[in-house]
Every structure is written in structure tokens, then in C-alpha cells.
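Worksheet: one structure, shown below.
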Amino acid sequence: MCVSESLDEDLCVAALEEASRLGCGYAEVRLHVNNYTGYSLRSGVTEPTLLADSRGVGIRVICGGSLGFGATNVLSRQSVVEAVNMAVKMAKASGDGGEKYALSAEEAVSDNWRVNEVKSLYELPGDTVISLLRDVDSASNRDVKGFSFPVRLLRIDCSKELKLYMNSEGSKISSVVPRVSFHSVFVGLRDGERVTVSVPPGYSGLGGSGGFELIEKLRLEEYVSSRLAEIATTLSSTTAPPRGERVDVILGPNVASLTSHESVGHPFEADRILGREAAQAGESYLKPGEYKVRLGGAEAYVSDDPTIPNSMGFYLYDDEGVKARRRRLLQAGYVTELLHNRATATRFAAKSNASARAVRYSVEPLIRMANTYIEPGDWGFEELLKDTKRGVYIKSFMEWNIDDKRLNQRYVGLEAFLIEDGELKGSVNKPILEISTPKYWSSIDARANDLEFYSGMCGKGDPMQGAPVYFGSPHIRLRDVVLG
Amino acid sequence: MSFDVNLEEVSQVVIAQAKKLGCSDVSVVVTRDHTRLIRFANNLVTLSSSVVETRIQVYVAHQTRRAVGVTHDTSPQSLERFVGRLVDSASRLAPSDDYAPLPSGPFEYPQEQNYDKKLEGEELVEHAHQAVDAALKAGAKRVAGSLQSLVRRVHVSTSAGVAGDDSSTKILLNVRAFTEDNASGHGLSCASFLSEFNSEKAGRAAGEYAKMAESPRQLEAGVYDVIFTPTVVANILPLAEAASAYLIQSGLSYFSDQLNQQVGVEALNVWDYGVYKGGLGGRRLDDEGVPTQKTEIIAKGVFRNMLHNSSTAKKFGTKTTGNAGIITPQPNTVVFGEGDSTLEEMIQETKRGLLVTNNWYTRFQNLRTGEYSTLPRDAAFSVVEGKIGEPVAGFRLSDSVLRQLKSIHLISKTRNWVEWWEVETPTLAPYMLIKDVTATVAY
């Protein structure tokens, strides 16, 4: 299906013409369709299937230097024209108290792109998905190390996002992105003890952009049951980790991937640095005039790349019509690039690097990460282990948070092991890595070559926008840190 | 902006189609929102937006197999396709023990609605300017925030002969003020009626807190008695959400196995209201068309009632409390009972403690036991020997909800409405002094 077959280009043209008639210096229109189907199983019982469709037009105008936004899901010419008028009225209402909004000069683009599916999510019979979930449920419904898992929540999300983007500068881009992901949560019981764990841990997911073949490739039945068994084994530990002393810590990709998202990706969003998200998602430890600083050591490398094929955050053009590319955020500990949209690029005298995304028609595009990851190094995991005399290997985590300037982060280990003389010894219970961001990125001395990605939804904005992303990392080692 | 779709007509078309496709139960909730938003940062308006949207939620049961869908696409052809897909999805599932017939009407609905016609046309930008000006006057250098007004109309129809309408309005201001050294303060004003809304007061509070919080010292890790503002209480003690029978039966609530148990101090009382007269938002009828009601969740510290829809009520052998959510019962308006203390008395009572005015990023380590940590943000102060001391920063609070509920020492008479980024359900919350809360710091 060609995108333009299902999206009414005439409505977009009408919106742009109306904005021009009203004297707007710039206008863009996004006809945006989201279709979602969610399948879930709770302890072996099918939950109601969830469908969520949205379809509407979002319009952004710059009028008298001020930004206005309007949206409607009544897809008639009259309603769209009304929405443009409302956006213009809102922009003008800002008056002298409004921020002057200027966009970086970017090339007008005409393109049509899509992510292909081998097994179409739209045509997928629901019973195929439920049957897979049943197999996963059966495989994970067993006792491990005295733990039973009477509550098992399994979910597969399938979605398709179609967009037609046009602006007053001549850009016209249509796209189709299907996405699919798996999530699971378990309640474990043993002798009155109750725990909640997720697979993958940290309430992250597995999946990407593409068809159902991405889920089939995961071999979920085997993956979930084996991971649950590994987790249950470590839950049995009552051994305290070494606390209050300096040790080396190896972080698994599950933990380290989130650190790249939380303490590099977010604070490198230029709208946060400029204070535009101050009242909601917060600000950044980077300052507008002095952001080219050294944040970490020689082994601190982080990139964000929307163009990774089949990734959850995949796109070729952002929602301002700018062509996507990889952004290297941190290189040998130095801040090298921020995440920009066209407005922040102007403020920083830069070009946009295509970071603007809106998740549905009714919201403005914001600066978002796509697929943020710690770049792999050349160590093998076994080499890393052998090279560590005394430390802790935190393979996965359960609880985390970070302050709103992104300086003070915490991860509570789920699966964790003592390391002595280069070997894994027994499990340790809930080591807490609570560390400042500069200390964290300065402590990395080695990166393995085993990059892994996890999927998730990144929250930002008001109204809240959950954007599909990947976070990735190989195993990494931190030298001389203190655990709680 | 005109609302040009007849809500009731749309519902009847959907019900007729789903029944024709063999469904025994159908509920349709049509919601029409007009949301206006002003965002501001660095003392300037950064975005003005106006969004009109209609969404239609449909629940179908087909031989006890269930599916729920939401669509924003209201054209007749699209709706027909949507309902067809929904019924097809349901029919592919196994029969469900969770199925319960939709409650039969007709019902009588409460008269109260928190709706202020004035908000239909109220210009927001002046209120935003008032908040900014007040914060600057109080000593702030930079002010950011969001101001949102919502005009909502809802129509619920079901195949069991139920039909009802609802309307509500809200105006919500979240304002954050910063001083030169980036100390910050937070203010909220949340109301359904313009007369109850005060942007100037919220802006001033944010500015004053920011000024007081300048040059904070790093807090030492330790155990403190902590005074929480209503904004924080509403976030760290989401007791009504945890009372959802769905979460309890799933084992994902710290109230699982706690019914009729003493979970908190005797002074703790919490209700869910359908509509709290003169309060914030609320609903007269739920997604199954059942009249909403006042439900006692915690009385004198005892966990008294779960929140139910028809499905969970059947499971637990009781009646619905009018809190559908088709799958998950959910609170409508959370009200904490008032205490007999004041903020001043709490401060006087505290020998070695903290005053935390705002927080964010609350994450649970174990949903079943309620262990969590959260990060104070904006102004926080030490409290020493009954007096507010220095501003403090750089710490996180790490505790368990169940421990905290039994360690509440004082509850204020004053309560404030809270709804913002970190608190989704409208909540009337007091100040609380909670004993022995653990504060940790980053290495």
C-alpha cells in the first residue's frame, strides 16, 4: 500500500493554503495515523484484545514569529481549515510575551519510505499471537529454586504508524512504520516472600520495527523460561554485596543501555538545555553557552542513531522533514553533538540533526532520542571478567531513577554476582549503584564487543508523548566505584 | 470550535452493528475534548495550542470473549471497519472466566458535575503571564510551566439499556521558578471552576520557594522525619490506584491480601469519589454506564474496599463500585481525609527532618511490597529543632509505602487539589509528616 493512497493529500494542501492566506511565515501539516493492537495473557488466561486507532491532522504555524499548534480528528476540509485558524489565533495570542521562533534552513525534501514486513502485523491473525503467548506461558509456569510464579503477565504490542508530512517550504514526505514488541511481568512467591520481576528486566521490552518475524526470531518460549530461571536463582541470594568500599563493577547491557539513555541522551536534548522542558521533563547539566565539555573518560562513547534497520526508533526523516543520520553524542568523554530540531539548531548556530518527533497527530514534535547506545569496544566479556580482581557483575536491574538535571542516577541490581580473581562467585543481593553522572562516565575503562539493544517507550512533553526507542550497550566496566 | 458529531447517535450505530455481529454486550463511551494549552519557558510563551478531538471507546463481548478498542476515526465507514475488527479480535480469543454481563439500566445518575461554562471561552495567555509575573516578583529569574484548560463531554451507552451524559471542565497550571543559581520552586493551581483557580498564587509560591532554596547544601544520607506537601503525598501514596481489584487479583498491588487489615495509622482515611462537588474533574458514570459513587478505600487506617468494575466484582463476589475501566477499575477522584494539624505544627514537631515540596521519578522496586525510591525536585529544606533550616539538595528518598502508611505522624487540615505531570488522577491531598524516612545520596 502506498501511503498517499490512504492519506488525503488534499487536506494537507488545504491546510497549507489557509496558513498562507492568513499570512503565516511558515506552516507544516502532519496527517498522522496510528493503529495499535495489544494481545495479552494473564496467568494463562487471555485478556481482552486492545485496539487503538487514531487518525488526525496536526498543524504548526509560525505567525508573527510565534508558534501556534492546532489539531483535529475530523478529517473534513472545513475542520482542517478551522484548526489552522485556531493555530494562528493561538500564535497571535502569545503576542509580545511569546518566544520568537526561528527555524534553521534545511533542504526541502520529497520522499516516500516505509519499513517492510515479512509477516504483516495488520494481517496477523490474533490467534497466532495468543498461541505464541500460551507457549511462553506454559514454559514459564514452573517452580525454580523454590519460587513459583502464579502471576504471569505476557504482552505483545503491534502497531503501525502512517504519516504524510508537508510544509510550506515544499517538503512532502510519507512513511509507514510497523512496530512489534514483547513485554512480561511475573510475581514470584516463596515461603511468604513476594517479588515482582520483568523479563527482560527493568520493564524494558524486545522487538523493533518490522513485521511479526521480529518476534518469531526471538524464540520467546526458550528465552523467557531460561531468563526467568536465571533470575529466580539469583533471587535466592541473601549475600550482601561489598558496600562502602571501592570495587570494580561490570554492568550488563540491560543496565548500561539505560544509562546511555538517561544520563547522556536526555541531557543532550537541546530543548532541555535551553529550558523549554523545565516545568515537566526537566533541564540538563549542560549549559547553552558551555556545552562542549568533558563529561567522562577516554572510554566514554555514546551515539544515537535513528537509521539502524529494524530498530524501535527507526526513521529516515523526522517530523520537520529533515533527513535522519547517526549523531555521535559523546566521544572519548567529550560532548560532541546535541540532539536538535530546527528551532534549537538556530539557537546553537547549527543545522538540525533530525531529532523532532511527534507520536500522534494531536501533539507538537519534540526533540527525542531514537536509538541511544554505548558504542561497543573490543573486549570480550570473558576477558573483561578475567581482568577484574574484585568487583561485582550487575547483569540486570529492577528499579531506577535520575534527577531532572540528569546528574544523580540510581540502578538497583536484580541479577548480580561477586567477582573474585577474575571469576564469578555467588550471587549478591540488590547492589545499588547510586552515582553522579560525571563520576559514572569517568569510571568506564573498558567496553566489550557484545552490543545488545532493548526496546522501550521514552516519556517526555506535556501532554505526555511516549516515543518508541531502543537503548543499547555492550558489557562495560566501571573502575573503583562504591556500591550501596 | 464547533462539536459537530452527535454523540448518542454514534453510540447507537456502534451498538447496533456489534449486536448484529453476534455480540451479547456492547458499551460505547464517546468522549469529546477541547484542550487548550499554553506552554511557557524562560518567561516567554513557547507554544499555544488548541486541539479538538473525539474518541470512541468500544467494548464488546462475543460469547464471553472480550475486546476493547479506542478510535479517533469517527467517519461512519471507518467506525464500521473498526467495530468489525474488534468483534473479529474478540471471537478469536478463548472464552473468558472474567466475563460478566454489563449492568442493566436504566440508572439514575448523581446531579453533580464539575463544569464551568466560563472555561469554554476563557483566554489562557493572561493567566500564564500572571503566573510568570508573580514568580518573578517573588525573586525568580526564570519561570517555566504549562497551563491547560479542558472542556470534556462524554456520552456512555450500553447494550444493557444504559445511556447517560457527563460534562466536566478543568484548568490546570504547573509552574516552576528558577533563581540565578538554578535553585527552583514549584507551584500548582488545579480547579474545575475559574473562581477556584489562582495562577498568581501558584506563581508566587514557585517564586518564593525558589528564592528560599538558593545555595542549597548537599544533604547527608540518613534517616529523617519528612514533611511532604500535598503535591508529593499525591504522588508517593497512590493508594486508590493500588486499591484497583484488577491489580490486587494480579498480585501487583501492595494491598494484595490486605483487605480489612490495618495498613496505616488510625488518622488515615481515603475515599474515591465519582464527583467531588466543587472539586476537580470526576465522572458521574463509569465506562459500563454505572453511576459513580463515594467509596471508602481506607477508613481509620484499615483497607476497607477495592475499586471494582463488573468483571472484578464477579470475581470477588461483590458489586461494582462504579470504577470501570473495562479491564482495570480505576479511581475517579481521590480524596484524603483531613487531619487536625497545620504545616507550622509539623515543623515545630520535627527535631531532625526535612520538608520536601516536590518530587519526580518515583519507581517501584517491588510492586507487591511497595518498596520504591523517588527524587525530590525543587525546594527542599532541613528542619532542625522545630524550625525550617537550610535548603538541601542532591538526595533521594527510599522507602516502602506500607511502612510509610504506619509511620504517618501528622496530617494537615489543609488539603490541596493536585493533578499534573506526576499525578494523573485528581487528588485532594494534605500535608503529611512521616517518621523515619531513609534518604540516600549519590556516590
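Convention: chains lettered A, B, ... in C-alpha cells order; per-chain residue numbering from 1; ligands numbered from 1 as shown.
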
Any idea what's packed within 12 Å of Thr318 (chain B), counting only C-alpha atoms, ignoring anything in its chain fewer than 3 positions away? Could you give it as a compact mmCIF listing (two decimals) with N, CA and C atoms, in the first residue's frame?
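Listing of part-v6.txt after writing:
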```txt
# COMPACT_ATOMS: atom_id res chain seq x y z
N ALA B 245 -9.13 -3.58 42.04
CA ALA B 245 -9.26 -5.03 42.23
C ALA B 245 -8.47 -5.80 41.19
N ASN B 305 -12.08 -1.24 51.11
CA ASN B 305 -12.73 -1.62 49.85
C ASN B 305 -11.78 -1.51 48.67
N MET B 306 -11.94 -2.48 47.79
CA MET B 306 -11.27 -2.38 46.49
C MET B 306 -12.16 -1.58 45.55
N LEU B 307 -11.59 -1.13 44.46
CA LEU B 307 -12.37 -0.48 43.41
C LEU B 307 -12.69 -1.52 42.34
N HIS B 308 -13.98 -1.60 41.98
CA HIS B 308 -14.42 -2.67 41.09
C HIS B 308 -15.11 -2.17 39.83
N ASN B 309 -14.99 -2.98 38.78
CA ASN B 309 -15.93 -2.94 37.66
C ASN B 309 -16.76 -4.24 37.75
N SER B 310 -17.60 -4.51 36.76
CA SER B 310 -18.46 -5.69 36.86
C SER B 310 -17.65 -6.99 36.87
N SER B 311 -16.60 -6.99 36.07
CA SER B 311 -15.80 -8.20 35.92
C SER B 311 -15.08 -8.55 37.23
N THR B 312 -14.41 -7.58 37.83
CA THR B 312 -13.69 -7.88 39.08
C THR B 312 -14.69 -8.12 40.22
N ALA B 313 -15.84 -7.42 40.16
CA ALA B 313 -16.85 -7.62 41.22
C ALA B 313 -17.33 -9.07 41.20
N LYS B 314 -17.54 -9.60 40.01
CA LYS B 314 -17.97 -11.00 39.89
C LYS B 314 -16.91 -11.93 40.49
N LYS B 315 -15.67 -11.63 40.16
CA LYS B 315 -14.56 -12.45 40.64
C LYS B 315 -14.50 -12.47 42.17
N THR B 321 -18.22 -0.96 42.05
CA THR B 321 -18.21 0.33 42.77
C THR B 321 -18.30 1.50 41.79
```

With a cut-off of 7 Å and counting only C-alpha atoms, select all residues of chain B in contact with chain A and give the selection as JSON, numbers by chain.
-> {"B": [41, 42, 44, 45, 46, 47, 48, 49, 50, 51, 52, 53, 54, 66, 67, 68, 69, 70, 71, 72, 73, 89, 90, 92, 93, 94, 125, 144, 145, 175, 176, 250, 251, 361, 363, 364, 365, 366, 367, 368, 375, 421, 442, 443]}

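Omitting Asn198 (chain B) and its sequence neighbours fewer than 5 positions away, and counting only C-alpha atoms, the residues within 12 Å are Glu126, His127, Ala128, Gln130, Ala131, Ala134, Leu147, Ile171, Leu172, Leu173, Asn174, Val175, Gly187, Leu188, Ser189, Cys190, Ala191, Ser192, Phe193, Gly203, Arg204 and Ala205 of chain B.
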
Non-local contacts of Leu338 (chain A) (8 Å; only C-alpha atoms; under 6 positions in same chain excluded) as a PyMOL selection string | chain A and resi 268-270+327+329

Two-atom distance - CA of Val199 (chain A), CA of Glu222 (chain A) (Å) | 12.0 Å

For region 272-288 of chain B: contacts at 7 Å, only C-alpha atoms, fewer than 2 positions along chain excluded, given as an MDAnalysis selection string = chainID B and resid 27 29 102 109:110 112:114 156 166 168:170 191:192 240 290:297 322:326 331:335 426

What does the file look like for those residues with N, CA and C atoms, as a short mmCIF file (atom, residue, chain, number, x, y, z; two decimals), in the first residue's frame?
```
data_model
loop_
_atom_site.label_atom_id
_atom_site.label_comp_id
_atom_site.auth_asym_id
_atom_site.auth_seq_id
_atom_site.Cartn_x
_atom_site.Cartn_y
_atom_site.Cartn_z
N SER B 27 -20.49 -1.79 25.10
CA SER B 27 -20.56 -0.45 25.71
C SER B 27 -19.78 0.51 24.84
N VAL B 29 -18.28 4.47 24.82
CA VAL B 29 -18.01 5.72 25.53
C VAL B 29 -17.46 6.71 24.50
N LEU B 102 -22.84 -6.87 31.24
CA LEU B 102 -22.87 -5.44 31.59
C LEU B 102 -24.07 -5.15 32.47
N TYR B 109 -28.38 8.99 37.71
CA TYR B 109 -27.02 9.48 37.94
C TYR B 109 -27.02 10.66 38.89
N PRO B 110 -25.92 10.81 39.63
CA PRO B 110 -25.82 11.96 40.52
C PRO B 110 -25.95 13.26 39.72
N GLU B 112 -24.43 16.14 40.47
CA GLU B 112 -23.23 16.98 40.48
C GLU B 112 -22.38 16.79 39.23
N GLN B 113 -21.92 17.91 38.72
CA GLN B 113 -20.91 17.88 37.66
C GLN B 113 -19.97 19.06 37.93
N ASN B 114 -18.69 18.83 37.79
CA ASN B 114 -17.75 19.93 37.95
C ASN B 114 -17.52 20.55 36.59
N VAL B 156 -22.16 7.84 27.40
CA VAL B 156 -21.99 6.40 27.56
C VAL B 156 -23.31 5.71 27.23
N ASP B 166 -22.23 13.15 30.51
CA ASP B 166 -21.39 13.74 31.55
C ASP B 166 -20.63 14.91 30.93
N SER B 168 -17.43 17.87 32.07
CA SER B 168 -16.53 18.40 33.11
C SER B 168 -15.59 19.41 32.48
N THR B 169 -15.07 20.27 33.31
CA THR B 169 -14.04 21.21 32.86
C THR B 169 -12.90 21.18 33.86
N LYS B 170 -11.74 21.57 33.37
CA LYS B 170 -10.57 21.68 34.25
C LYS B 170 -9.70 22.81 33.76
N ALA B 191 -8.15 23.34 39.18
CA ALA B 191 -9.55 23.59 39.52
C ALA B 191 -10.46 23.20 38.37
N SER B 192 -11.71 23.02 38.71
CA SER B 192 -12.73 22.84 37.66
C SER B 192 -13.47 24.14 37.41
N ALA B 240 -5.35 4.85 45.97
CA ALA B 240 -6.57 4.47 45.26
C ALA B 240 -6.24 3.62 44.03
N VAL B 290 -22.39 2.67 34.75
CA VAL B 290 -22.83 2.56 36.15
C VAL B 290 -22.59 3.90 36.85
N PRO B 291 -23.55 4.36 37.68
CA PRO B 291 -23.32 5.61 38.41
C PRO B 291 -22.08 5.49 39.29
N THR B 292 -21.27 6.51 39.28
CA THR B 292 -20.11 6.52 40.18
C THR B 292 -20.58 6.85 41.58
N GLN B 293 -19.71 6.63 42.55
CA GLN B 293 -20.13 6.76 43.94
C GLN B 293 -18.94 7.14 44.82
N LYS B 294 -19.26 7.38 46.08
CA LYS B 294 -18.20 7.59 47.07
C LYS B 294 -17.85 6.22 47.66
N THR B 295 -16.61 5.82 47.52
CA THR B 295 -16.18 4.52 48.05
C THR B 295 -15.09 4.73 49.09
N GLU B 296 -15.31 4.13 50.24
CA GLU B 296 -14.32 4.21 51.32
C GLU B 296 -13.19 3.23 51.01
N ILE B 297 -12.01 3.73 50.79
CA ILE B 297 -10.89 2.84 50.50
C ILE B 297 -10.14 2.50 51.79
N GLY B 322 -18.58 1.20 40.52
CA GLY B 322 -18.70 2.28 39.54
C GLY B 322 -17.35 2.85 39.14
N ASN B 323 -16.35 1.95 39.08
CA ASN B 323 -15.00 2.42 38.73
C ASN B 323 -14.47 1.79 37.44
N ALA B 324 -15.39 1.30 36.55
CA ALA B 324 -14.90 0.75 35.27
C ALA B 324 -14.35 1.92 34.45
N GLY B 325 -13.15 1.85 33.89
CA GLY B 325 -12.27 0.90 33.25
C GLY B 325 -12.81 -0.49 32.98
N ILE B 326 -12.95 -0.80 31.64
CA ILE B 326 -13.46 -2.10 31.27
C ILE B 326 -12.56 -3.22 31.79
N PRO B 331 -9.56 4.75 39.85
CA PRO B 331 -10.18 5.79 40.66
C PRO B 331 -10.65 6.95 39.80
N ASN B 332 -11.67 7.64 40.29
CA ASN B 332 -12.17 8.83 39.59
C ASN B 332 -11.60 10.10 40.20
N THR B 333 -11.78 10.24 41.51
CA THR B 333 -11.27 11.41 42.23
C THR B 333 -10.82 10.92 43.61
N VAL B 334 -9.56 11.10 43.91
CA VAL B 334 -9.04 10.59 45.18
C VAL B 334 -9.08 11.68 46.24
N VAL B 335 -9.63 11.35 47.39
CA VAL B 335 -9.72 12.33 48.47
C VAL B 335 -9.13 11.75 49.74
N PRO B 426 -7.05 13.19 39.63
CA PRO B 426 -7.25 14.34 40.52
C PRO B 426 -7.27 13.89 41.97
#
```

So which one's closest to Trp271 (chain B), B:Pro238, B:Gly337, B:Gly84, B:Pro103? Using only C-alpha atoms, please.
->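 Of B:Pro238, B:Gly337, B:Gly84, B:Pro103, the one nearest Trp271 (chain B) is B:Gly337, counting only C-alpha atoms.
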
Could you name the residues that touch Thr440 (chain B) at 9 Å or less, counting only C-alpha atoms, but leaving out those on the same chain fewer than 2 positions away, as a ChimeraX atom specification?
-> /A:434 /B:219-223,394-398,438,442

Filtering to C-alpha atoms, could you give me those residues as a JSON list (two decimals), in the first residue's frame?
```json
[["chain", "number", "residue", "atom", "x", "y", "z"],
["A", 434, "GLU", "CA", 23.84, 5.38, 43.05],
["B", 219, "LEU", "CA", 22.24, 16.52, 52.34],
["B", 220, "GLU", "CA", 23.92, 13.71, 54.26],
["B", 221, "ALA", "CA", 22.44, 10.26, 53.82],
["B", 222, "GLY", "CA", 20.42, 9.17, 56.83],
["B", 223, "VAL", "CA", 17.02, 8.65, 58.35],
["B", 394, "GLY", "CA", 21.22, 16.03, 45.98],
["B", 395, "PHE", "CA", 19.32, 13.19, 47.67],
["B", 396, "ARG", "CA", 16.65, 10.63, 47.04],
["B", 397, "LEU", "CA", 14.10, 9.06, 49.34],
["B", 398, "SER", "CA", 13.99, 5.31, 49.53],
["B", 438, "THR", "CA", 15.55, 6.92, 54.51],
["B", 442, "ALA", "CA", 24.83, 9.51, 45.01]]
```

Mind checking DSSP for region 291-395 of chain B and telling me the helix (DSSP H, G or I) residues as a list of chain:residue names?
->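 Reading the DSSP output for region 291-395 of chain B, helix (DSSP H, G or I) covers B:Ser310, B:Ser311, B:Thr312, B:Ala313, B:Lys314, B:Lys315, B:Phe316, B:Leu343, B:Glu344, B:Glu345, B:Met346, B:Ile347, B:Gln348, B:Glu349.
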
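If you measure from each of A:Lys386, A:Arg155, A:Arg477, A:Lys430 to Leu132 (chain A) using only C-alpha atoms, the closest one turns out to be A:Arg155.
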
Have a look at B:Pro106, B:Pro391, B:Asp436, B:Lys413 and name the one nearest to Gln218 (chain B); count only C-alpha atoms.
-> B:Pro391

Residues within 10 Å of Ser184 (chain B), only C-alpha atoms, excluding chain neighbours under 3 positions, as a PyMOL selection string = chain B and resi 140-143+176-181+206-214+377-380

Output C-alpha atoms of each residue in that selection to a file, as a PDB file, in the first residue's frame.
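Final output, saved to out.pdb:
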```pdb
ATOM      1  CA  ALA B 140      12.741  34.212  40.479  1.00  0.00           C
ATOM      2  CA  LYS B 141      14.822  34.895  37.377  1.00  0.00           C
ATOM      3  CA  ARG B 142      13.310  32.310  35.078  1.00  0.00           C
ATOM      4  CA  VAL B 143       9.845  30.801  35.008  1.00  0.00           C
ATOM      5  CA  ARG B 176       8.326  26.171  38.072  1.00  0.00           C
ATOM      6  CA  ALA B 177      10.531  29.097  39.014  1.00  0.00           C
ATOM      7  CA  PHE B 178      14.323  29.275  38.987  1.00  0.00           C
ATOM      8  CA  THR B 179      16.738  31.680  40.632  1.00  0.00           C
ATOM      9  CA  GLU B 180      20.125  32.796  39.355  1.00  0.00           C
ATOM     10  CA  ASP B 181      21.910  29.830  40.893  1.00  0.00           C
ATOM     11  CA  ALA B 206       7.000  28.798  42.980  1.00  0.00           C
ATOM     12  CA  GLY B 207       8.998  32.023  43.138  1.00  0.00           C
ATOM     13  CA  GLU B 208       9.109  32.131  46.929  1.00  0.00           C
ATOM     14  CA  TYR B 209      10.167  28.507  47.237  1.00  0.00           C
ATOM     15  CA  ALA B 210      12.884  29.054  44.604  1.00  0.00           C
ATOM     16  CA  LYS B 211      14.229  32.072  46.463  1.00  0.00           C
ATOM     17  CA  MET B 212      14.234  30.215  49.777  1.00  0.00           C
ATOM     18  CA  ALA B 213      16.045  27.288  48.147  1.00  0.00           C
ATOM     19  CA  GLU B 214      19.061  29.253  46.923  1.00  0.00           C
ATOM     20  CA  ARG B 377      12.993  18.188  42.953  1.00  0.00           C
ATOM     21  CA  ASP B 378      12.661  21.909  43.547  1.00  0.00           C
ATOM     22  CA  ALA B 379      12.868  23.346  47.032  1.00  0.00           C
ATOM     23  CA  ALA B 380      13.711  21.043  49.940  1.00  0.00           C
TER      24      ALA B 380
END
```

Using only C-alpha atoms, find the one residue out of B:Ala163, B:Leu259, B:Val418, B:Met432 that sits nearest to Thr342 (chain B).
-> B:Met432

To one decimal in Å, tell me the separation between CA of Ser412 (chain B) and CA of Leu237 (chain B).
-> 15.4 Å

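Between Lys395 (chain A) and the residues A:Val29, A:Ala105, A:Ile476, A:Ala343, the shortest atom-to-atom distance, using only C-alpha atoms, involves A:Ile476.
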
Grab the CA of Glu420 (chain A) to CA of Arg390 (chain A) distance for me, in Å with one decimal place.
->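 Going from CA of Glu420 (chain A) over to CA of Arg390 (chain A) covers 4.7 Å.
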
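Comparing the minimum interatomic distances between Val356 (chain B) and each of B:Gly317, B:Gly386, B:Gly370, B:Gly185, counting only C-alpha atoms, we find that B:Gly185 sits nearest.
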
Strand (DSSP E) call set, DSSP backbone run, region 121-299 of chain B, as a ChimeraX atom specification | /B:142-158,163-178,184-191,217-218,222-228,270-273,295-299
